[in-house]
Each structure stands twice: as structure tokens, then as C-alpha cells.
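Source file entry-v2.tsv; content: TSV, C-alpha atoms.
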chain	number	residue	atom	x	y	z
A	1	MET	CA	204.75	99.04	36.86
A	2	THR	CA	202.42	101.08	39.05
A	3	PRO	CA	198.87	99.62	39.05
A	4	SER	CA	196.13	101.83	37.72
A	5	THR	CA	193.37	103.27	39.92
A	6	ARG	CA	190.88	100.89	38.30
A	7	GLN	CA	193.06	97.86	39.10
A	8	VAL	CA	193.44	98.93	42.75
A	9	ALA	CA	189.68	99.39	43.11
A	10	ALA	CA	188.99	95.97	41.55
A	11	ALA	CA	191.44	94.24	43.87
A	12	ALA	CA	189.91	95.92	46.92
A	13	ALA	CA	186.40	94.91	45.85
A	14	ALA	CA	187.51	91.30	45.36
A	15	ALA	CA	189.05	91.25	48.83
A	16	ARG	CA	185.83	92.57	50.40
A	17	ARG	CA	183.75	89.98	48.54
A	18	SER	CA	186.07	87.21	49.70
A	19	GLN	CA	185.89	88.34	53.32
A	20	SER	CA	182.10	88.72	53.16
A	21	CYS	CA	181.66	85.23	51.65
A	22	SER	CA	183.90	83.70	54.30
A	23	CYS	CA	181.89	85.29	57.09
A	24	ARG	CA	178.60	84.22	55.52
A	25	LEU	CA	179.92	80.68	55.26
A	26	GLN	CA	180.83	80.73	58.93
A	27	ALA	CA	177.42	82.14	59.83
A	28	THR	CA	175.62	79.25	58.14
A	29	ILE	CA	177.18	76.73	60.52
A	30	LEU	CA	176.78	78.73	63.72
A	31	PRO	CA	173.73	79.31	65.93
A	32	ASN	CA	171.39	82.24	65.31
A	33	SER	CA	173.14	84.28	67.97
A	34	ILE	CA	176.29	84.15	65.82
A	35	SER	CA	174.72	84.63	62.39
A	36	SER	CA	173.47	88.03	63.53
A	37	PHE	CA	177.06	89.35	63.66
A	38	HIS	CA	177.88	92.41	61.60
A	39	PRO	CA	178.91	91.30	58.06
A	40	LEU	CA	182.30	92.99	58.44
A	41	VAL	CA	183.27	90.97	61.50
A	42	SER	CA	186.73	89.56	60.99
A	43	LEU	CA	187.17	86.02	59.78
A	44	SER	CA	189.46	85.24	62.72
A	45	VAL	CA	186.66	86.07	65.16
A	46	CYS	CA	184.23	83.80	63.27
A	47	GLN	CA	186.73	80.96	63.26
A	48	SER	CA	187.46	81.38	66.97
A	49	VAL	CA	183.76	81.28	67.84
A	50	GLY	CA	183.17	78.29	65.60
A	51	GLN	CA	186.00	76.33	67.18
A	52	SER	CA	184.75	77.11	70.69
A	53	LEU	CA	181.21	75.98	69.84
A	54	ALA	CA	182.46	72.83	68.18
A	55	ALA	CA	184.46	71.97	71.30
A	56	ALA	CA	181.44	72.60	73.50
A	57	ILE	CA	179.15	70.49	71.33
A	58	GLN	CA	181.57	67.57	71.13
A	59	SER	CA	182.37	67.64	74.83
A	60	PRO	CA	180.93	64.54	76.56
A	61	ILE	CA	178.68	64.76	79.58
A	62	GLY	CA	180.80	65.60	82.57
A	63	GLY	CA	183.69	66.80	80.42
A	64	ASP	CA	185.78	69.84	81.25
A	65	GLU	CA	183.31	72.51	80.22
A	66	CYS	CA	185.41	75.01	82.13
A	67	ALA	CA	188.26	74.58	79.67
A	68	LEU	CA	186.65	77.09	77.32
A	69	ALA	CA	186.75	79.81	79.96
A	70	PRO	CA	189.78	82.04	80.50
A	71	ALA	CA	191.99	80.78	83.32
A	72	PRO	CA	190.98	83.40	85.92
A	73	THR	CA	187.26	82.51	85.61
A	74	ARG	CA	187.28	78.72	85.24
A	75	MET	CA	186.26	78.03	88.81
A	76	GLY	CA	183.07	80.01	88.27
A	77	CYS	CA	182.16	78.54	84.92
A	78	LEU	CA	178.85	77.20	86.26
A	79	SER	CA	177.72	80.61	87.45
A	80	ARG	CA	174.99	82.43	85.59
A	81	HIS	CA	177.43	85.34	85.21
A	82	GLN	CA	179.64	83.32	82.88
A	83	LEU	CA	178.26	84.27	79.45
A	84	CYS	CA	178.83	82.70	76.07
A	85	LEU	CA	177.87	84.73	73.02
A	86	GLY	CA	175.26	86.70	74.92
A	87	GLY	CA	173.91	83.69	76.86
A	88	ASN	CA	175.04	81.60	79.79
A	89	ARG	CA	178.41	80.01	78.99
A	90	GLY	CA	177.38	76.65	80.44
A	91	LEU	CA	173.85	76.75	78.99
A	92	PRO	CA	174.19	77.71	75.32
A	93	PHE	CA	171.31	75.51	74.17
A	94	LEU	CA	168.69	76.44	76.78
A	95	ARG	CA	166.24	79.28	76.44
A	96	LYS	CA	166.12	81.69	79.38
A	97	PHE	CA	162.61	82.86	80.27
A	98	LYS	CA	161.70	85.91	82.31
A	99	HIS	CA	159.49	85.41	85.34
A	100	LYS	CA	156.75	87.53	83.78
A	101	GLU	CA	156.79	85.25	80.71
A	102	ILE	CA	156.33	82.20	82.93
A	103	GLU	CA	153.52	83.87	84.86
A	104	ALA	CA	151.69	84.96	81.71
A	105	ALA	CA	152.12	81.57	80.00
A	106	THR	CA	150.66	79.71	83.00
A	107	ASN	CA	147.76	82.17	83.38
A	108	GLY	CA	149.04	83.37	86.71
A	109	PHE	CA	150.11	79.86	87.77
A	110	SER	CA	146.50	78.67	87.64
A	111	ALA	CA	146.93	76.00	84.94
A	112	ILE	CA	148.11	73.33	87.38
A	113	LEU	CA	148.88	69.91	85.93
A	114	GLU	CA	150.00	68.33	89.18
A	115	ALA	CA	150.97	69.35	92.70
A	116	GLY	CA	154.43	67.90	93.05
A	117	PRO	CA	156.27	67.13	96.32
A	118	GLY	CA	157.90	70.00	98.17
A	119	GLY	CA	155.87	72.60	96.32
A	120	ARG	CA	157.33	71.57	92.94
A	121	ALA	CA	154.04	71.95	91.11
A	122	ALA	CA	153.82	71.54	87.35
A	123	TYR	CA	151.84	73.89	85.11
A	124	ARG	CA	150.63	73.86	81.54
A	125	ALA	CA	152.09	76.87	79.74
A	126	ARG	CA	151.38	78.56	76.43
A	127	PHE	CA	153.90	81.27	75.58
A	128	ALA	CA	153.35	84.30	73.39
A	129	ASP	CA	155.38	82.79	70.53
A	130	GLY	CA	153.09	79.73	70.43
A	131	LEU	CA	155.30	77.37	72.42
A	132	VAL	CA	153.25	74.94	74.53
A	133	ALA	CA	155.25	73.45	77.38
A	134	THR	CA	155.20	72.09	80.90
A	135	VAL	CA	156.64	74.39	83.55
A	136	ARG	CA	157.83	72.92	86.83
A	137	ARG	CA	158.95	74.80	89.91
A	138	ALA	CA	162.52	74.12	90.98
A	139	GLY	CA	163.23	74.04	94.69
A	140	GLY	CA	165.96	75.78	96.64
A	141	ASP	CA	167.13	79.35	97.05
A	142	GLY	CA	170.23	81.20	98.14
A	143	ASP	CA	173.68	81.40	96.54
A	144	GLN	CA	174.66	77.82	97.44
A	145	ASP	CA	171.47	76.42	95.95
A	146	ARG	CA	171.98	78.70	92.95
A	147	GLU	CA	175.27	77.04	92.08
A	148	ALA	CA	173.68	73.60	92.44
A	149	PHE	CA	170.78	74.78	90.26
A	150	TYR	CA	173.11	75.88	87.46
A	151	ARG	CA	175.17	72.73	87.61
A	152	GLU	CA	172.02	70.65	87.34
A	153	LEU	CA	170.84	72.77	84.43
A	154	GLN	CA	174.15	72.30	82.66
A	155	LEU	CA	174.01	68.54	82.99
A	156	LEU	CA	170.30	68.17	82.17
A	157	ALA	CA	170.71	70.35	79.09
A	158	ARG	CA	173.15	67.80	77.67
A	159	LEU	CA	170.71	64.91	77.82
A	160	ASN	CA	169.68	64.06	74.29
A	161	HIS	CA	167.55	60.95	73.85
A	162	ARG	CA	164.28	60.25	72.08
A	163	HIS	CA	162.78	58.69	75.21
A	164	ILE	CA	163.69	61.42	77.71
A	165	VAL	CA	161.56	64.53	78.10
A	166	ARG	CA	163.64	67.41	76.77
A	167	LEU	CA	164.51	70.41	78.92
A	168	HIS	CA	163.57	73.45	76.86
A	169	GLY	CA	164.59	76.32	79.11
A	170	TYR	CA	164.58	77.82	82.58
A	171	SER	CA	163.85	80.91	84.63
A	172	ASP	CA	166.08	82.04	87.49
A	173	GLY	CA	164.29	85.04	88.97
A	174	HIS	CA	163.11	85.17	92.58
A	175	SER	CA	161.45	81.82	91.80
A	176	ARG	CA	163.15	79.18	89.69
A	177	PHE	CA	161.39	77.20	86.99
A	178	LEU	CA	162.27	74.49	84.49
A	179	VAL	CA	160.50	74.44	81.12
A	180	PHE	CA	160.04	71.03	79.47
A	181	ASP	CA	158.46	69.84	76.26
A	182	GLN	CA	154.73	69.31	76.61
A	183	MET	CA	153.58	65.69	76.74
A	184	GLU	CA	150.11	65.70	75.20
A	185	ASN	CA	148.93	62.37	76.63
A	186	ARG	CA	150.22	63.08	80.12
A	187	SER	CA	151.55	60.22	82.24
A	188	LEU	CA	151.46	56.47	81.72
A	189	LYS	CA	149.66	56.23	85.06
A	190	GLU	CA	146.75	58.25	83.70
A	191	CYS	CA	146.70	56.25	80.47
A	192	LEU	CA	146.45	52.99	82.44
A	193	HIS	CA	144.14	53.96	85.29
A	194	ASP	CA	141.90	56.81	84.15
A	195	PRO	CA	138.53	55.20	83.30
A	196	LEU	CA	137.72	58.08	80.94
A	197	ARG	CA	140.78	57.44	78.78
A	198	THR	CA	140.91	55.03	75.85
A	199	PRO	CA	142.82	51.95	77.10
A	200	LEU	CA	146.30	51.38	75.75
A	201	ASN	CA	146.47	48.46	73.33
A	202	TRP	CA	148.98	45.64	73.66
A	203	ARG	CA	151.40	46.92	71.01
A	204	THR	CA	151.65	50.28	72.76
A	205	ARG	CA	152.30	48.66	76.14
A	206	LEU	CA	155.05	46.47	74.75
A	207	GLN	CA	156.63	49.47	73.04
A	208	VAL	CA	156.50	51.44	76.30
A	209	ALA	CA	158.54	48.68	77.97
A	210	ILE	CA	161.12	48.94	75.18
A	211	ASP	CA	161.18	52.75	75.22
A	212	VAL	CA	161.71	52.95	78.97
A	213	ALA	CA	164.51	50.36	78.86
A	214	ALA	CA	166.24	52.36	76.11
A	215	ALA	CA	166.08	55.56	78.17
A	216	LEU	CA	167.40	53.80	81.28
A	217	GLU	CA	170.29	52.26	79.38
A	218	TYR	CA	171.25	55.73	78.14
A	219	LEU	CA	171.07	57.32	81.61
A	220	TYR	CA	172.77	54.60	83.62
A	221	TYR	CA	175.24	53.08	81.17
A	222	PHE	CA	176.13	55.66	78.51
A	223	CYS	CA	176.24	58.94	80.48
A	224	ASP	CA	179.66	59.67	81.93
A	225	PRO	CA	179.84	60.51	84.77
A	226	PRO	CA	176.79	58.47	85.84
A	227	VAL	CA	175.21	61.25	87.88
A	228	PHE	CA	171.59	61.02	86.75
A	229	HIS	CA	168.80	59.43	88.75
A	230	VAL	CA	165.14	58.73	88.07
A	231	SER	CA	162.48	56.73	89.87
A	232	VAL	CA	160.93	54.27	87.45
A	233	ASN	CA	157.18	54.34	87.89
A	234	SER	CA	154.12	55.07	85.78
A	235	SER	CA	153.92	58.65	87.08
A	236	ASN	CA	157.37	59.47	85.69
A	237	VAL	CA	156.77	57.88	82.28
A	238	MET	CA	155.18	60.49	80.03
A	239	MET	CA	153.38	59.89	76.74
A	240	ASP	CA	153.62	62.28	73.81
A	241	ALA	CA	151.00	62.87	71.11
A	242	ASN	CA	151.93	59.58	69.40
A	243	PHE	CA	152.08	57.61	72.68
A	244	VAL	CA	155.86	57.46	72.56
A	245	ALA	CA	157.10	56.95	76.13
A	246	LYS	CA	159.58	59.41	77.63
A	247	LEU	CA	161.14	59.44	81.10
A	248	SER	CA	160.68	62.60	83.15
A	249	ASP	CA	161.63	64.06	86.53
A	250	ILE	CA	165.29	63.19	86.14
A	251	SER	CA	167.55	64.56	88.85
A	252	VAL	CA	171.29	64.93	89.32
A	253	ILE	CA	172.94	63.29	92.30
A	254	GLY	CA	175.98	64.71	94.06
A	255	TYR	CA	179.21	63.93	92.23
A	256	ASP	CA	182.83	64.49	93.15
A	257	PRO	CA	185.27	63.70	90.30
A	258	LYS	CA	188.01	62.94	92.83
A	259	ARG	CA	186.04	59.92	94.03
A	260	THR	CA	186.74	58.10	90.80
A	261	VAL	CA	190.52	58.38	91.11
A	262	GLU	CA	191.18	58.18	94.84
A	263	SER	CA	191.03	55.30	97.31
A	264	ASN	CA	187.22	55.42	97.61
A	265	ALA	CA	186.67	54.79	93.91
A	266	ALA	CA	185.52	51.26	94.78
A	267	SER	CA	182.76	52.59	97.05
A	268	PHE	CA	181.59	54.92	94.31
A	269	GLU	CA	181.39	51.98	91.91
A	270	ASP	CA	179.41	50.05	94.52
A	271	GLU	CA	176.92	52.91	94.70
A	272	ILE	CA	176.51	52.82	90.93
A	273	GLN	CA	175.89	49.08	90.95
A	274	GLN	CA	173.35	49.43	93.76
A	275	ARG	CA	171.47	52.09	91.82
A	276	ARG	CA	171.39	49.79	88.82
A	277	ARG	CA	169.99	46.93	90.92
A	278	ASP	CA	167.29	49.20	92.30
A	279	LEU	CA	166.56	50.30	88.76
A	280	VAL	CA	166.05	46.71	87.59
A	281	PHE	CA	163.57	46.05	90.41
A	282	GLN	CA	161.57	49.21	89.66
A	283	TYR	CA	161.51	48.33	85.98
A	284	GLY	CA	160.12	44.89	86.77
A	285	VAL	CA	157.31	46.46	88.82
A	286	LEU	CA	156.51	48.81	85.91
A	287	ILE	CA	156.18	45.83	83.56
A	288	LEU	CA	153.73	44.18	85.96
A	289	GLU	CA	151.65	47.36	85.91
A	290	LEU	CA	151.69	47.39	82.10
A	291	VAL	CA	150.54	43.78	81.93
A	292	THR	CA	147.91	43.81	84.66
A	293	GLY	CA	146.71	47.40	84.56
A	294	GLN	CA	146.90	47.40	88.36
A	295	SER	CA	148.75	49.84	90.58
A	296	PRO	CA	151.71	48.18	92.34
A	297	GLY	CA	150.24	48.79	95.80
A	298	GLY	CA	152.05	49.55	99.00
A	299	GLU	CA	152.21	45.89	100.06
A	300	GLY	CA	153.76	44.72	96.80
A	301	GLU	CA	150.94	42.34	95.91
A	302	LEU	CA	151.96	42.12	92.25
A	303	VAL	CA	155.56	41.27	93.14
A	304	GLN	CA	154.38	38.62	95.57
A	305	TRP	CA	152.17	37.09	92.87
A	306	VAL	CA	154.87	36.93	90.19
A	307	GLN	CA	157.30	35.28	92.64
A	308	GLU	CA	154.89	32.48	93.56
A	309	PRO	CA	155.86	29.02	92.25
A	310	GLY	CA	152.61	28.64	90.32
A	311	PHE	CA	152.42	32.20	88.99
A	312	ALA	CA	152.48	31.09	85.36
A	313	CYS	CA	149.27	29.09	85.63
A	314	THR	CA	147.35	32.19	86.74
A	315	MET	CA	149.12	34.58	84.37
A	316	TYR	CA	146.28	34.91	81.88
A	317	LYS	CA	143.84	35.73	84.66
A	318	MET	CA	146.03	38.65	85.67
A	319	VAL	CA	146.05	40.32	82.26
A	320	ASP	CA	144.39	43.76	82.21
A	321	ALA	CA	140.70	43.27	81.39
A	322	ASP	CA	140.86	46.35	79.15
A	323	LEU	CA	142.97	44.33	76.73
A	324	GLY	CA	140.32	41.63	76.31
A	325	ASN	CA	142.01	38.80	74.47
A	326	ILE	CA	143.86	41.05	72.06
A	327	TYR	CA	147.48	40.39	72.92
A	328	ASP	CA	150.32	38.09	71.86
A	329	SER	CA	150.66	35.16	74.29
A	330	LYS	CA	154.38	34.70	73.64
A	331	GLU	CA	155.11	38.38	74.22
A	332	LEU	CA	153.02	38.26	77.38
A	333	ARG	CA	155.03	35.33	78.73
A	334	ASN	CA	158.28	37.09	77.88
A	335	LEU	CA	157.26	40.24	79.74
A	336	VAL	CA	156.08	38.35	82.82
A	337	ILE	CA	159.31	36.33	82.93
A	338	ILE	CA	161.31	39.56	82.73
A	339	ALA	CA	159.26	41.01	85.59
A	340	ARG	CA	159.85	37.86	87.64
A	341	LEU	CA	163.60	37.97	87.11
A	342	CYS	CA	163.77	41.72	87.84
A	343	THR	CA	161.88	41.47	91.13
A	344	ARG	CA	163.42	38.25	92.41
A	345	PRO	CA	164.56	38.67	96.05
A	346	GLY	CA	168.29	39.00	96.41
A	347	ASN	CA	168.67	39.55	92.67
A	348	ASP	CA	172.36	40.28	92.23
A	349	ALA	CA	172.44	41.66	88.70
A	350	MET	CA	170.97	38.43	87.27
A	351	VAL	CA	169.58	40.57	84.48
A	352	SER	CA	170.57	44.06	83.42
A	353	ILE	CA	168.74	46.81	81.58
A	354	PRO	CA	170.94	46.51	78.44
A	355	LEU	CA	170.30	42.75	78.29
A	356	ILE	CA	166.54	43.23	78.78
A	357	LEU	CA	166.48	45.83	76.03
A	358	ARG	CA	168.29	43.57	73.54
A	359	TYR	CA	165.93	40.72	74.44
A	360	LEU	CA	162.80	42.81	73.88
A	361	GLN	CA	164.24	44.06	70.60
A	362	GLY	CA	164.81	40.48	69.49
A	363	LYS	CA	168.59	40.90	69.31
A	364	VAL	CA	169.30	38.13	71.82
A	365	ALA	CA	167.42	34.83	72.01
A	366	ASN	CA	167.30	34.54	75.81
A	367	LEU	CA	168.24	36.31	79.00
A	368	GLY	CA	170.99	33.90	79.87
A	369	CYS	CA	169.07	32.65	82.92
A	370	GLU	CA	167.57	29.30	83.79
A	371	SER	CA	164.33	28.64	81.93
A	372	GLU	CA	161.05	29.29	83.68
A	373	ASN	CA	158.22	26.77	83.61
A	374	ILE	CA	155.27	28.30	81.81
A	375	CYS	CA	151.86	26.63	81.75
A	376	GLU	CA	150.37	26.55	78.29
Could you express the structure from this file as C-alpha cells?
Amino acid sequence: MTPSTRQVAAAAAAARRSQSCSCRLQATILPNSISSFHPLVSLSVCQSVGQSLAAAIQSPIGGDECALAPAPTRMGCLSRHQLCLGGNRGLPFLRKFKHKEIEAATNGFSAILEAGPGGRAAYRARFADGLVATVRRAGGDGDQDREAFYRELQLLARLNHRHIVRLHGYSDGHSRFLVFDQMENRSLKECLHDPLRTPLNWRTRLQVAIDVAAALEYLYYFCDPPVFHVSVNSSNVMMDANFVAKLSDISVIGYDPKRTVESNAASFEDEIQQRRRDLVFQYGVLILELVTGQSPGGEGELVQWVQEPGFACTMYKMVDADLGNIYDSKELRNLVIIARLCTRPGNDAMVSIPLILRYLQGKVANLGCESENICE
């Protein structure tokens, strides 16, 4: 039987409603750049985009990001010309700023927070949409440096940890800039040594030690490949509005994937272990600064003190005077012992950052090392 005109119209309307609902459902799980698609976009296109984004999101650090690109363009997948849904293919979660936006937000680059090395100054920025951030100049120029810049951006954009300062966006005009979340209480160094600042209490200092250890464990043990590097010092530990510590100024070291599968894989592993040993030493020095409120000094006076045989008997005299007597003696001893083990000469991985973190969190009873004599 031939369907009536009314039946045909009803079936067509139902099909349009079904297609529209499917596309709206897809739009709810995709980024804003996708949800702005025309409502009549085909369901197959929505599904294809969704699958590509899901693969990109689930891809681990250092994974084959190029796999999403068509075969002829994979080798250039780190180039700014490789676009993904209207943005850079390798940088889908970073905001791209124009140079004039950066200049206006920093009041003509006059709101200087710090004059970094190599001209990498940092500026306080307030953008037109209300975003308050820290803008830092990125060094390098030329096509070769451009590729390195985009690879670093791609890797830094994937860092996601509560105790690492988040990269918010970038600018790649004639000058390159990185835009980070603003840290309202500036650096740990200022919090400890600026006489005009309210001194940090003991609980905050202990939590800083835990926060920094958690960030270091993430960078050096959970990121694969292990291509991130940071110097652990009070200038690179930033404090947000709630005095939560976050590591900043993280860089990307050179990395060749072939090194992990060829004959020199052992040397690459040795480099990783050496970086971890250096990390442990720097962390121990940071703990000494938290406890004493003193700068480490070029001669390493604090390290020399904590390695002396009778260091424990003078420990309470070394506590930061700003703390008064308001601190937990057991926690103080624990921190000083950790600092001693971390900075011990010839320390060959006696303690590791993951072990220190579990110890400070109370998840392990001891550090697995010989006991230290502590004067009561």
C-alpha cells in the first residue's frame, strides 16, 4: 500500500529529530569548538571527531600524537601549521594569544614580576576577559627553535598535576610567550625571606615539603618518557592563594626515542638515575631552608651543618626564629633526618622521592635506613 503524504511527512520529521538529537548528544561531550558545529552536521562527522579527541586525550605523555594525522603530514605534526578543529593539532587544550593581547595585558610589558635569566622576564598580566596570569618570555627564534618550541609546548600542555603550575596558553608572534596560571602568593623564597610578609607557620611548611615531593614523583617517575626537568629551589616553588605549593619553570630536555631501544639504552637509563640523585639532593636542601628559614648559601653551610656528627644536638637552635616554639618536635626531627639522608655525600639512591613522599604521608613507618641518633 502506498503511504499517504501525511505518513511520509511524519517519517521525515522523525528522522530529522533523531539526527538532531544524535548531534546534540555528541556536542555535549565535545569541546566548545565542536559544539558550535551546524546542527545539520552529519552524525558520522561527529563520531569521527569524538573518536579522534578521545584518542588524543587518552594518549600518554610521549605517545604517538602523530598517529592522528594523515600519513603524508605525520612528520610535521608538531608544526603550528598542523591544525585540529580550528586550533593547533598538537595543542588542542592551550589557548593561543595574539601579541597585542599579551602587550595590552602586561601594560606594555611594564608589570614585571621578575627578570629571568637570558631575558626570560616574567610579567603580571590581566587580559580583557578577566583572566589574571603570569606571562613569561620564551627564548629562541628561527625555524629550528620554532619546532623545539612547539614540541615543548605539546609536552608541557600534557602535564596535569595539582602541584605543578598549569600552562594556560602561548603566543608565537615575533616574540614568543608562555602564559601560566597566576600564583597569588608568589614564590616560596619570598614567603620565607621577605621581612614584610607574614611568616609561614609550621603546618604550611610541612605541607610544602609534601606537595613538592608529590610533584617531583609525578615528573620523574610517572611521566613517560621522562623528559621533564626542574631545579628544586625556593624560587621555583610557587604558592597559590591558599598557600598550596606548585612547581614552576619546568623545562623539556632533549629526547630521542631510539635511545631507549638501541645499544645506548643503558646510558640513557644512567642519565635518568643521575637526574633523580641530583633531585634528591636539591630536595634535601629545600627542606633545610623550610626548617631554618635560611638561604642555602653558596658555600653549602646548611648541608655542612646537617652532616656533622652532632647536628641533632643543635637542631632546635637552627629552627627558624619566625616559628617561635610553635612546631611539632617529632615532625621537625623527621624532616631534618630526611634532609640529612638526601644530602649525604656519595648518596647512591639511599632514599628516593617516592619513599620520602610515602614517609611524610605516614604510609610507611621508616625510610628503610639505619636509625639516626637524635638528642632529646
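Closest approach to Arg333 in chain A among A:Ala111, A:Ala321, A:Leu206, A:Val303 is made by A:Leu206 (distances from only C-alpha atoms).
For the pair CA of Ala215 in chain A and CA of His163 in chain A, the separation is 5.4 Å.
Checking A:Trp305, A:Tyr170, A:Tyr359, A:Tyr218 one by one against Arg340 in chain A, counting all atoms listed in the file, you find the shortest gap at A:Trp305.
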Identify, on the basis of only C-alpha atoms, every residue whose closest approach to range 244-248 of chain A does not exceed 10 Å; exclude the query and any residue fewer than 4 positions from it along the same chain; express the result as a ChimeraX atom specification.
/A:161-167,180,183,185,187-188,204-205,207-216,230-240
Write to file, as a PDB file, keeping the file's coordinate frame, the residues of the selection just made, with C-alpha atoms.
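Now in part.pdb:
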ATOM      1  CA  HIS A 161     167.550  60.950  73.850  1.00  0.00           C
ATOM      2  CA  ARG A 162     164.280  60.250  72.080  1.00  0.00           C
ATOM      3  CA  HIS A 163     162.780  58.690  75.210  1.00  0.00           C
ATOM      4  CA  ILE A 164     163.690  61.420  77.710  1.00  0.00           C
ATOM      5  CA  VAL A 165     161.560  64.530  78.100  1.00  0.00           C
ATOM      6  CA  ARG A 166     163.640  67.410  76.770  1.00  0.00           C
ATOM      7  CA  LEU A 167     164.510  70.410  78.920  1.00  0.00           C
ATOM      8  CA  PHE A 180     160.040  71.030  79.470  1.00  0.00           C
ATOM      9  CA  MET A 183     153.580  65.690  76.740  1.00  0.00           C
ATOM     10  CA  ASN A 185     148.930  62.370  76.630  1.00  0.00           C
ATOM     11  CA  SER A 187     151.550  60.220  82.240  1.00  0.00           C
ATOM     12  CA  LEU A 188     151.460  56.470  81.720  1.00  0.00           C
ATOM     13  CA  THR A 204     151.650  50.280  72.760  1.00  0.00           C
ATOM     14  CA  ARG A 205     152.300  48.660  76.140  1.00  0.00           C
ATOM     15  CA  GLN A 207     156.630  49.470  73.040  1.00  0.00           C
ATOM     16  CA  VAL A 208     156.500  51.440  76.300  1.00  0.00           C
ATOM     17  CA  ALA A 209     158.540  48.680  77.970  1.00  0.00           C
ATOM     18  CA  ILE A 210     161.120  48.940  75.180  1.00  0.00           C
ATOM     19  CA  ASP A 211     161.180  52.750  75.220  1.00  0.00           C
ATOM     20  CA  VAL A 212     161.710  52.950  78.970  1.00  0.00           C
ATOM     21  CA  ALA A 213     164.510  50.360  78.860  1.00  0.00           C
ATOM     22  CA  ALA A 214     166.240  52.360  76.110  1.00  0.00           C
ATOM     23  CA  ALA A 215     166.080  55.560  78.170  1.00  0.00           C
ATOM     24  CA  LEU A 216     167.400  53.800  81.280  1.00  0.00           C
ATOM     25  CA  VAL A 230     165.140  58.730  88.070  1.00  0.00           C
ATOM     26  CA  SER A 231     162.480  56.730  89.870  1.00  0.00           C
ATOM     27  CA  VAL A 232     160.930  54.270  87.450  1.00  0.00           C
ATOM     28  CA  ASN A 233     157.180  54.340  87.890  1.00  0.00           C
ATOM     29  CA  SER A 234     154.120  55.070  85.780  1.00  0.00           C
ATOM     30  CA  SER A 235     153.920  58.650  87.080  1.00  0.00           C
ATOM     31  CA  ASN A 236     157.370  59.470  85.690  1.00  0.00           C
ATOM     32  CA  VAL A 237     156.770  57.880  82.280  1.00  0.00           C
ATOM     33  CA  MET A 238     155.180  60.490  80.030  1.00  0.00           C
ATOM     34  CA  MET A 239     153.380  59.890  76.740  1.00  0.00           C
ATOM     35  CA  ASP A 240     153.620  62.280  73.810  1.00  0.00           C
TER      36      ASP A 240
END
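CA of Asp181 in chain A is positioned 24.2 Å from CA of Asp224 in chain A.
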Find the residue from A:Leu155, A:Arg95, A:Leu341, A:Val179 that sits nearest to Thr134 in chain A; use all atoms listed in the file when measuring.
A:Val179
Residue neighbourhood Ile356 in chain A, 10 Å, all atoms listed in the file, exclusion window fewer than 5 positions, as a PyMOL selection string:
chain A and resi 209-210+213-214+217+280+335+338+342+351+361-364+366-367
Val291 in chain A surroundings by all atoms listed in the file, 12 Å radius, close-in-sequence under 4 positions cut, as a ChimeraX atom specification
/A:192,200-206,208-209,284-287,295-296,302,306,315-324,327-329,331-339
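In this model, the gap between CA of Asp278 in chain A and CA of His168 in chain A comes to 29.0 Å.
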My list of candidates is A:Val135, A:Gly298, A:Phe93, A:Tyr220. Which is closest to Asn107 in chain A when distances are computed with only C-alpha atoms?
A:Val135
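Proximity of A:Ile250, A:Ala157, A:Ala105, A:Leu355 to Phe127 in chain A, computed with all atoms listed in the file, is greatest for A:Ala105.
Checking A:Ala312, A:Phe268, A:Ile253, A:Phe281 one by one against Ala148 in chain A, counting all atoms listed in the file, you find the shortest gap at A:Ile253.
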